[in-house]
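So this block is coords19.cif, mmCIF, C-alpha atoms and all ligand atoms:
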```cif
data_final
#
loop_
_atom_site.label_atom_id
_atom_site.label_comp_id
_atom_site.auth_asym_id
_atom_site.auth_seq_id
_atom_site.Cartn_x
_atom_site.Cartn_y
_atom_site.Cartn_z
CA MET A 1 8.02 -7.97 -12.20
CA VAL A 2 7.30 -9.46 -8.78
CA TYR A 3 4.06 -8.47 -7.07
CA LEU A 4 4.25 -9.03 -3.32
CA THR A 5 0.52 -9.35 -2.92
CA GLY A 6 -1.93 -9.53 -0.03
CA ALA A 7 -4.64 -12.16 -0.49
CA GLY A 8 -6.92 -10.88 2.26
CA PRO A 9 -8.26 -12.86 5.21
CA GLY A 10 -10.37 -15.51 3.48
CA ASP A 11 -13.59 -14.21 1.97
CA ILE A 12 -12.61 -14.12 -1.70
CA GLU A 13 -14.52 -10.87 -2.21
CA LEU A 14 -12.11 -9.15 0.16
CA LEU A 15 -9.37 -9.52 -2.43
CA THR A 16 -8.47 -6.11 -3.86
CA VAL A 17 -9.20 -5.30 -7.48
CA LYS A 18 -5.47 -4.85 -8.02
CA ALA A 19 -4.57 -8.21 -6.49
CA LEU A 20 -7.17 -9.93 -8.65
CA ARG A 21 -5.72 -8.28 -11.77
CA VAL A 22 -2.16 -9.48 -11.13
CA ILE A 23 -3.35 -12.96 -10.12
CA ARG A 24 -5.10 -13.21 -13.49
CA GLU A 25 -1.96 -11.98 -15.30
CA ALA A 26 0.55 -14.09 -13.38
CA ASP A 27 2.89 -16.55 -15.10
CA VAL A 28 3.73 -18.04 -11.72
CA ILE A 29 2.12 -17.76 -8.28
CA ILE A 30 4.19 -18.49 -5.19
CA TYR A 31 1.95 -19.11 -2.21
CA ASP A 32 1.75 -20.63 1.23
CA ARG A 33 -1.02 -21.22 3.77
CA LEU A 34 -3.80 -19.21 2.22
CA ALA A 35 -6.98 -18.55 4.10
CA ASN A 36 -8.79 -19.19 0.81
CA PRO A 37 -7.10 -21.39 -1.82
CA GLU A 38 -10.02 -20.74 -4.21
CA ILE A 39 -8.21 -17.53 -5.13
CA LEU A 40 -5.78 -19.63 -7.18
CA GLU A 41 -8.63 -20.65 -9.47
CA GLU A 42 -8.53 -17.10 -10.85
CA ALA A 43 -5.11 -17.73 -12.45
CA LYS A 44 -4.87 -18.02 -16.22
CA ASP A 45 -4.35 -21.33 -18.01
CA GLY A 46 -0.71 -22.35 -17.92
CA CYS A 47 0.11 -20.38 -14.79
CA GLU A 48 2.64 -22.24 -12.64
CA PHE A 49 2.07 -22.68 -8.92
CA ILE A 50 4.84 -22.95 -6.36
CA TYR A 51 3.82 -23.91 -2.85
CA VAL A 52 6.34 -22.82 -0.21
CA GLY A 53 4.62 -23.80 3.01
CA LYS A 54 2.52 -26.43 4.67
CA GLU A 55 -0.65 -25.99 6.69
CA ASP A 56 1.36 -26.67 9.78
CA SER A 57 3.41 -23.54 10.27
CA HIS A 58 6.28 -25.53 11.75
CA HIS A 59 7.13 -26.98 8.36
CA THR A 60 7.37 -23.95 6.12
CA LEU A 61 10.47 -23.47 4.01
CA PRO A 62 13.08 -21.32 5.72
CA GLN A 63 12.51 -17.68 4.77
CA GLU A 64 15.91 -17.44 3.03
CA GLU A 65 14.86 -20.24 0.69
CA ILE A 66 11.52 -18.62 -0.03
CA ASN A 67 13.32 -15.36 -0.82
CA GLU A 68 15.51 -17.21 -3.29
CA VAL A 69 12.58 -19.08 -4.87
CA ILE A 70 10.93 -15.72 -5.52
CA TYR A 71 14.13 -14.24 -6.97
CA GLN A 72 14.72 -17.24 -9.25
CA ALA A 73 11.12 -17.02 -10.46
CA SER A 74 11.67 -13.36 -11.31
CA GLN A 75 14.52 -14.38 -13.62
CA GLN A 76 12.40 -16.99 -15.35
CA TYR A 77 8.96 -15.47 -15.67
CA GLU A 78 7.63 -12.10 -16.71
CA THR A 79 4.91 -11.72 -14.07
CA VAL A 80 5.48 -13.26 -10.66
CA VAL A 81 2.88 -13.07 -7.89
CA ARG A 82 3.98 -13.80 -4.37
CA LEU A 83 0.64 -14.28 -2.62
CA LYS A 84 0.34 -13.99 1.15
CA GLY A 85 -2.59 -14.15 3.53
CA GLY A 86 -3.95 -10.81 4.71
CA ASP A 87 -1.45 -8.00 4.15
CA PRO A 88 2.20 -8.67 3.21
CA PHE A 89 3.57 -6.36 5.92
CA VAL A 90 1.52 -7.60 8.86
CA PHE A 91 3.58 -10.55 10.10
CA GLY A 92 3.86 -11.52 6.46
CA ARG A 93 7.61 -11.12 5.99
CA GLY A 94 6.94 -9.08 2.87
CA GLY A 95 9.69 -6.66 3.88
CA GLU A 96 12.31 -9.38 3.94
CA GLU A 97 11.28 -10.62 0.52
CA GLY A 98 11.42 -7.09 -0.88
CA ILE A 99 14.91 -6.49 0.54
CA HIS A 100 16.17 -9.75 -0.99
CA LEU A 101 14.83 -8.74 -4.41
CA ARG A 102 16.23 -5.20 -4.13
CA GLU A 103 19.69 -6.54 -3.26
CA ARG A 104 19.63 -8.61 -6.44
CA GLY A 105 18.23 -5.87 -8.62
CA ALA A 106 14.84 -7.50 -9.30
CA ALA A 107 11.86 -5.17 -9.75
CA PHE A 108 8.94 -5.51 -7.36
CA ALA A 109 5.75 -3.83 -6.20
CA PHE A 110 3.66 -4.30 -3.09
CA ILE A 111 -0.07 -4.82 -3.24
CA PRO A 112 -1.62 -4.31 0.19
CA GLY A 113 -4.23 -6.77 1.38
CA VAL A 114 -7.08 -6.58 3.87
CA THR A 115 -5.44 -7.71 7.07
CA SER A 116 -7.09 -10.35 9.24
CA ALA A 117 -6.12 -8.24 12.26
CA ILE A 118 -8.91 -5.77 11.48
CA ALA A 119 -11.24 -7.62 9.10
CA VAL A 120 -11.70 -10.78 11.18
CA PRO A 121 -12.82 -8.93 14.33
CA GLU A 122 -15.06 -6.85 12.03
CA TYR A 123 -16.76 -10.01 10.73
CA ALA A 124 -17.30 -10.95 14.37
CA GLY A 125 -18.89 -7.56 15.11
CA ILE A 126 -15.90 -6.33 17.13
CA PRO A 127 -14.52 -2.92 16.13
CA VAL A 128 -10.82 -2.53 16.95
CA THR A 129 -11.50 1.08 17.97
CA HIS A 130 -14.75 2.57 19.20
CA ARG A 131 -15.44 6.10 20.33
CA GLY A 132 -15.68 6.26 24.10
CA ILE A 133 -14.20 2.78 24.59
CA THR A 134 -10.72 2.73 23.08
CA VAL A 135 -8.69 5.14 21.00
CA SER A 136 -5.99 2.74 19.85
CA PHE A 137 -5.21 -0.84 19.04
CA ARG A 138 -2.13 -2.92 18.65
CA VAL A 139 -1.43 -6.03 16.67
CA VAL A 140 1.07 -8.39 18.19
CA THR A 141 2.40 -11.86 17.61
CA GLY A 142 1.38 -14.54 20.07
CA HIS A 143 3.96 -16.86 18.63
CA GLU A 144 6.91 -15.13 20.31
CA SER A 145 5.71 -16.23 23.70
CA THR A 146 6.69 -19.82 22.90
CA LYS A 147 10.30 -18.80 23.26
CA ALA A 148 12.04 -18.70 26.60
CA GLN A 149 13.17 -15.16 25.81
CA SER A 150 9.80 -13.77 24.80
CA GLN A 151 10.14 -10.41 23.09
CA ILE A 152 6.59 -9.45 23.98
CA PRO A 153 6.86 -6.50 26.39
CA TRP A 154 4.03 -7.72 28.61
CA GLU A 155 4.43 -4.78 30.98
CA ASN A 156 3.33 -2.43 28.19
CA TYR A 157 0.02 -4.21 27.85
CA ARG A 158 -1.48 -2.54 30.87
CA THR A 159 -2.92 0.06 28.48
CA ASP A 160 -6.51 0.26 27.32
CA ASP A 161 -5.47 -0.49 23.75
CA THR A 162 -7.41 -3.21 22.05
CA ILE A 163 -4.87 -6.00 21.59
CA VAL A 164 -5.11 -8.34 18.63
CA PHE A 165 -2.89 -11.40 18.88
CA LEU A 166 -2.07 -13.18 15.64
CA MET A 167 -0.55 -16.66 15.70
CA GLY A 168 -1.58 -16.99 19.32
CA LEU A 169 -4.11 -19.82 19.62
CA HIS A 170 -1.48 -22.33 20.68
CA ARG A 171 -0.30 -19.88 23.32
CA LEU A 172 -3.72 -18.87 24.56
CA GLU A 173 -3.13 -20.17 28.07
CA THR A 174 0.17 -18.28 28.43
CA ILE A 175 -1.27 -15.10 26.95
CA THR A 176 -4.23 -14.98 29.31
CA ARG A 177 -2.05 -15.82 32.31
CA LYS A 178 0.44 -13.06 31.45
CA LEU A 179 -2.32 -10.50 31.02
CA ILE A 180 -3.75 -11.36 34.43
CA GLU A 181 -0.22 -11.23 35.92
CA ILE A 182 0.26 -7.66 34.71
CA GLY A 183 -2.99 -6.60 36.32
CA LYS A 184 -5.86 -7.10 33.87
CA PRO A 185 -8.97 -8.33 35.70
CA ALA A 186 -9.67 -12.05 35.41
CA ASP A 187 -13.13 -11.21 34.01
CA PHE A 188 -11.70 -8.94 31.28
CA PRO A 189 -13.37 -9.56 27.89
CA ILE A 190 -11.58 -11.61 25.25
CA ALA A 191 -12.63 -13.23 22.00
CA VAL A 192 -11.16 -15.95 19.84
CA ILE A 193 -12.21 -15.93 16.20
CA SER A 194 -11.51 -18.99 14.10
CA ARG A 195 -11.45 -19.10 10.28
CA GLY A 196 -12.64 -15.53 10.14
CA THR A 197 -14.53 -14.24 7.07
CA ARG A 198 -15.01 -17.84 5.89
CA PRO A 199 -18.44 -19.50 5.88
CA ASP A 200 -17.30 -21.66 8.82
CA GLN A 201 -16.17 -18.70 10.95
CA GLN A 202 -16.62 -19.34 14.68
CA THR A 203 -16.35 -16.77 17.45
CA VAL A 204 -16.03 -17.64 21.12
CA ILE A 205 -16.39 -14.89 23.70
CA GLY A 206 -15.17 -15.23 27.26
CA THR A 207 -13.02 -13.77 29.98
CA LEU A 208 -9.30 -14.00 30.56
CA SER A 209 -9.93 -16.76 33.10
CA ASP A 210 -12.29 -18.98 31.11
CA ILE A 211 -11.47 -18.46 27.42
CA TYR A 212 -8.76 -21.12 27.28
CA ASP A 213 -11.16 -23.92 28.17
CA ARG A 214 -13.81 -22.61 25.83
CA ALA A 215 -11.69 -21.87 22.78
CA LYS A 216 -8.60 -24.05 22.86
CA ASP A 217 -9.94 -26.60 20.37
CA LEU A 218 -11.07 -24.15 17.69
CA PRO A 219 -9.61 -24.77 14.23
CA THR A 220 -6.88 -22.48 12.84
CA PRO A 221 -6.29 -19.90 11.56
CA ALA A 222 -7.57 -18.08 14.59
CA LEU A 223 -6.86 -14.77 16.25
CA ILE A 224 -7.43 -13.36 19.70
CA VAL A 225 -8.95 -9.97 20.58
CA VAL A 226 -8.55 -8.53 24.08
CA GLY A 227 -10.45 -5.40 25.08
CA GLU A 228 -13.72 -3.84 26.17
CA VAL A 229 -14.66 -3.60 22.48
CA VAL A 230 -15.36 -7.35 22.55
CA LYS A 231 -18.64 -6.59 24.35
CA LEU A 232 -19.89 -4.66 21.31
CA ARG A 233 -20.44 -7.97 19.57
CA ASP A 234 -23.78 -8.13 21.37
CA GLN A 235 -24.91 -5.14 19.32
CA LEU A 236 -22.79 -5.53 16.20
CA GLY A 237 -22.55 -9.27 15.52
CA TRP A 238 -23.80 -9.97 12.00
CA PHE A 239 -21.90 -12.61 10.07
CA GLU A 240 -22.48 -15.81 11.99
CA GLN A 241 -26.19 -15.25 12.66
N1 LIG B 301 -0.35 -11.19 6.99
C1 LIG B 301 -1.49 -11.78 7.66
C2 LIG B 301 -1.14 -12.35 9.02
C3 LIG B 301 -0.07 -13.44 8.98
S1 LIG B 301 0.17 -14.18 10.54
C4 LIG B 301 -2.61 -10.75 7.76
O1 LIG B 301 -2.37 -9.55 7.52
O2 LIG B 301 -3.74 -11.12 8.07
C5 LIG B 301 -1.00 -15.50 10.47
C6 LIG B 301 -2.03 -15.32 11.56
O3 LIG B 301 -3.05 -14.44 11.12
C7 LIG B 301 -2.76 -16.57 11.97
O4 LIG B 301 -2.01 -17.33 12.90
C8 LIG B 301 -4.01 -16.01 12.59
O5 LIG B 301 -3.78 -15.55 13.91
C9 LIG B 301 -4.27 -14.80 11.71
N2 LIG B 301 -5.26 -15.07 10.66
C10 LIG B 301 -5.05 -15.03 9.34
N3 LIG B 301 -6.19 -15.28 8.68
C11 LIG B 301 -7.14 -15.50 9.61
C12 LIG B 301 -8.54 -15.82 9.55
N4 LIG B 301 -9.18 -15.97 8.39
N5 LIG B 301 -9.20 -15.98 10.73
C13 LIG B 301 -8.58 -15.84 11.91
N6 LIG B 301 -7.26 -15.54 12.02
C14 LIG B 301 -6.56 -15.36 10.89
#
```

Exercise: express the given structure as structure tokens:
Amino acid sequence: MVYLTGAGPGDIELLTVKALRVIREADVIIYDRLANPEILEEAKDGCEFIYVGKEDSHHTLPQEEINEVIYQASQQYETVVRLKGGDPFVFGRGGEEGIHLRERGAAFAFIPGVTSAIAVPEYAGIPVTHRGITVSFRVVTGHESTKAQSQIPWENYRTDDTIVFLMGLHRLETITRKLIEIGKPADFPIAVISRGTRPDQQTVIGTLSDIYDRAKDLPTPALIVVGEVVKLRDQLGWFEQ
């Protein structure tokens, strides 16, 4: 059995009870950049570990190879845990891994994880929705904007949705410029949260025009929150105090 498992955003106590159970039962754990590697210490004696990515996201194994590593493990071991940061379906490629296993007839289950997209802003005192401020939020990849043919439909971002950008720190300058280009005010609130839910979490608040200078050197992983909800941190900040 392969458990495609969410490891949560970092704080080890945000691991689900179900994830913790399969991690303790696993014969092999296949993992990549985890927000909290201490989770692996929960594995039983003799559990094998297969690392399929490096800190630097540019040097991860190609997804096809990861899919095959997981499948091969399923043929060799009884209980396989494929551990991923946050939730497997939120930019986690869990769907692709499931399809690969299904095509080969290997049994799998998904174990949802607490996604950084919601939990990290929460640890910074920023609610992704708030009555009277915003009724919706969207989670998008900032990474796409590196490509010449960006698939981010910038024109759609004129809405009042809270926008959470994952994988966007390296594109922070482009993201803020694009948002101003489509008509957001230069003084619109934005936050960058680095190493969220970890003891060394850092949050930097700013505006679309000044956040790049203030936040560009923060350590990864980091995410970006754009929206009026950012201002609620004044009243709701709690974790970094
Ligand atoms: N499946 C994951 C997201 C994978 S994409 C989830 O549901 O959380 C990886 C991106 O998530 C990073 O580039 C960063 O933007 C964000 N991220 C993950 N953990 C984070 C953390 N502890 N603090 C800040 N951002 C984080």

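Reported to one decimal place, the separation of atom N3 of ligand LIG 301 (chain B) from atom CA of A:Gly10 is 6.7 Å.
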
Select, counting all atoms listed in the file, all protein, DNA and RNA residues no farther than 8 Å from (-7.4, -13.4, 16.8) in file coordinates, and express the selection as a VMD selection string.
chain A and resid 117 120 to 121 164 to 169 191 to 194 222 to 225

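The interatomic distance for the pair atom CA of A:Ile66 and atom CA of A:Ile152 works out to 26.2 Å.
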
Long-range neighbours of A:Asp200 as a PDB file with C-alpha atoms, in the coordinates of the input, 12 Å cut-off, all atoms listed in the file, 5 positions minimum in chain:
```pdb
ATOM      1  CA  GLY A  10     -10.370 -15.510   3.480  1.00  0.00           C
ATOM      2  CA  ASP A  11     -13.590 -14.210   1.970  1.00  0.00           C
ATOM      3  CA  ALA A  35      -6.980 -18.550   4.100  1.00  0.00           C
ATOM      4  CA  ASN A  36      -8.790 -19.190   0.810  1.00  0.00           C
ATOM      5  CA  TYR A 123     -16.760 -10.010  10.730  1.00  0.00           C
ATOM      6  CA  ILE A 193     -12.210 -15.930  16.200  1.00  0.00           C
ATOM      7  CA  SER A 194     -11.510 -18.990  14.100  1.00  0.00           C
ATOM      8  CA  ARG A 195     -11.450 -19.100  10.280  1.00  0.00           C
ATOM      9  CA  LEU A 218     -11.070 -24.150  17.690  1.00  0.00           C
ATOM     10  CA  PRO A 219      -9.610 -24.770  14.230  1.00  0.00           C
ATOM     11  CA  THR A 220      -6.880 -22.480  12.840  1.00  0.00           C
ATOM     12  CA  PRO A 221      -6.290 -19.900  11.560  1.00  0.00           C
ATOM     13  CA  ALA A 222      -7.570 -18.080  14.590  1.00  0.00           C
ATOM     14  CA  PHE A 239     -21.900 -12.610  10.070  1.00  0.00           C
ATOM     15  CA  GLU A 240     -22.480 -15.810  11.990  1.00  0.00           C
ATOM     16  CA  GLN A 241     -26.190 -15.250  12.660  1.00  0.00           C
TER      17      GLN A 241
END
```

Atom CA of A:Cys47 to atom CA of A:Val81: how many Å, to one decimal?
10.4 Å

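Shortest separation to ligand LIG 301 (chain B) among A:Asn67, A:Thr176, A:Thr141, A:Thr162 occurs at residue A:Thr141, atoms counted being only C-alpha atoms and all ligand atoms.
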
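Considering the residues A:Val114, A:Ile99, A:Val80, A:Ile12 and counting only C-alpha atoms and all ligand atoms, ligand LIG 301 (chain B) has its shortest atom-to-atom contact with A:Val114.
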
Counting all atoms listed in the file, which residue out of A:Ile205, A:Val139, A:Phe188, A:Arg214 sits closest to A:Glu173?
A:Arg214

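Restricting the calculation to only C-alpha atoms and all ligand atoms, the smallest distance between ligand LIG 301 (chain B) and any of A:Met1, A:Leu34, A:Ile163, A:Ile39 is found for A:Leu34.
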
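In terms of minimum interatomic distance to ligand LIG 301 (chain B), A:Ala7 ranks closest within A:Ala7, A:Ile126, A:Ile190, A:Val204, counting only C-alpha atoms and all ligand atoms.
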
What's around A:Ile180 at 12 Å? Count only C-alpha atoms, leave out sequence neighbours fewer than 2 positions away in its own chain, and write the answer as a CSV table (one decimal) with C-alpha atoms, in the frame of the given file.
```csv
chain,number,residue,atom,x,y,z
A,154,TRP,CA,4.0,-7.7,28.6
A,155,GLU,CA,4.4,-4.8,31.0
A,157,TYR,CA,0.0,-4.2,27.8
A,158,ARG,CA,-1.5,-2.5,30.9
A,173,GLU,CA,-3.1,-20.2,28.1
A,174,THR,CA,0.2,-18.3,28.4
A,175,ILE,CA,-1.3,-15.1,27.0
A,176,THR,CA,-4.2,-15.0,29.3
A,177,ARG,CA,-2.0,-15.8,32.3
A,178,LYS,CA,0.4,-13.1,31.4
A,182,ILE,CA,0.3,-7.7,34.7
A,183,GLY,CA,-3.0,-6.6,36.3
A,184,LYS,CA,-5.9,-7.1,33.9
A,185,PRO,CA,-9.0,-8.3,35.7
A,186,ALA,CA,-9.7,-12.0,35.4
A,187,ASP,CA,-13.1,-11.2,34.0
A,188,PHE,CA,-11.7,-8.9,31.3
A,189,PRO,CA,-13.4,-9.6,27.9
A,207,THR,CA,-13.0,-13.8,30.0
A,208,LEU,CA,-9.3,-14.0,30.6
A,209,SER,CA,-9.9,-16.8,33.1
A,210,ASP,CA,-12.3,-19.0,31.1
A,226,VAL,CA,-8.6,-8.5,24.1
```

Test item: which residues lie within 7 Å of (13.0, -13.0, 8.2) counting all atoms listed in the file, as a PyMOL selection string
chain A and resi 63+93+96

Compare A:Pro199, A:Pro153, A:Pro88, A:Pro37 by their minimum atom-to-atom distance to ligand LIG 301 (chain B), counting all atoms listed in the file, and give me the closest one.
A:Pro88

Residues near A:Thr134, cut-off 10 Å, all atoms listed in the file, skip fewer than 4 positions along chain, as a PDB file with C-alpha atoms, in the coordinates of the input:
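Result went into part.pdb, see below:
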```pdb
ATOM      1  CA  PRO A 127     -14.520  -2.920  16.130  1.00  0.00           C
ATOM      2  CA  VAL A 128     -10.820  -2.530  16.950  1.00  0.00           C
ATOM      3  CA  THR A 129     -11.500   1.080  17.970  1.00  0.00           C
ATOM      4  CA  HIS A 130     -14.750   2.570  19.200  1.00  0.00           C
ATOM      5  CA  THR A 159      -2.920   0.060  28.480  1.00  0.00           C
ATOM      6  CA  ASP A 160      -6.510   0.260  27.320  1.00  0.00           C
ATOM      7  CA  ASP A 161      -5.470  -0.490  23.750  1.00  0.00           C
ATOM      8  CA  THR A 162      -7.410  -3.210  22.050  1.00  0.00           C
ATOM      9  CA  GLY A 227     -10.450  -5.400  25.080  1.00  0.00           C
ATOM     10  CA  GLU A 228     -13.720  -3.840  26.170  1.00  0.00           C
ATOM     11  CA  VAL A 229     -14.660  -3.600  22.480  1.00  0.00           C
TER      12      VAL A 229
END
```
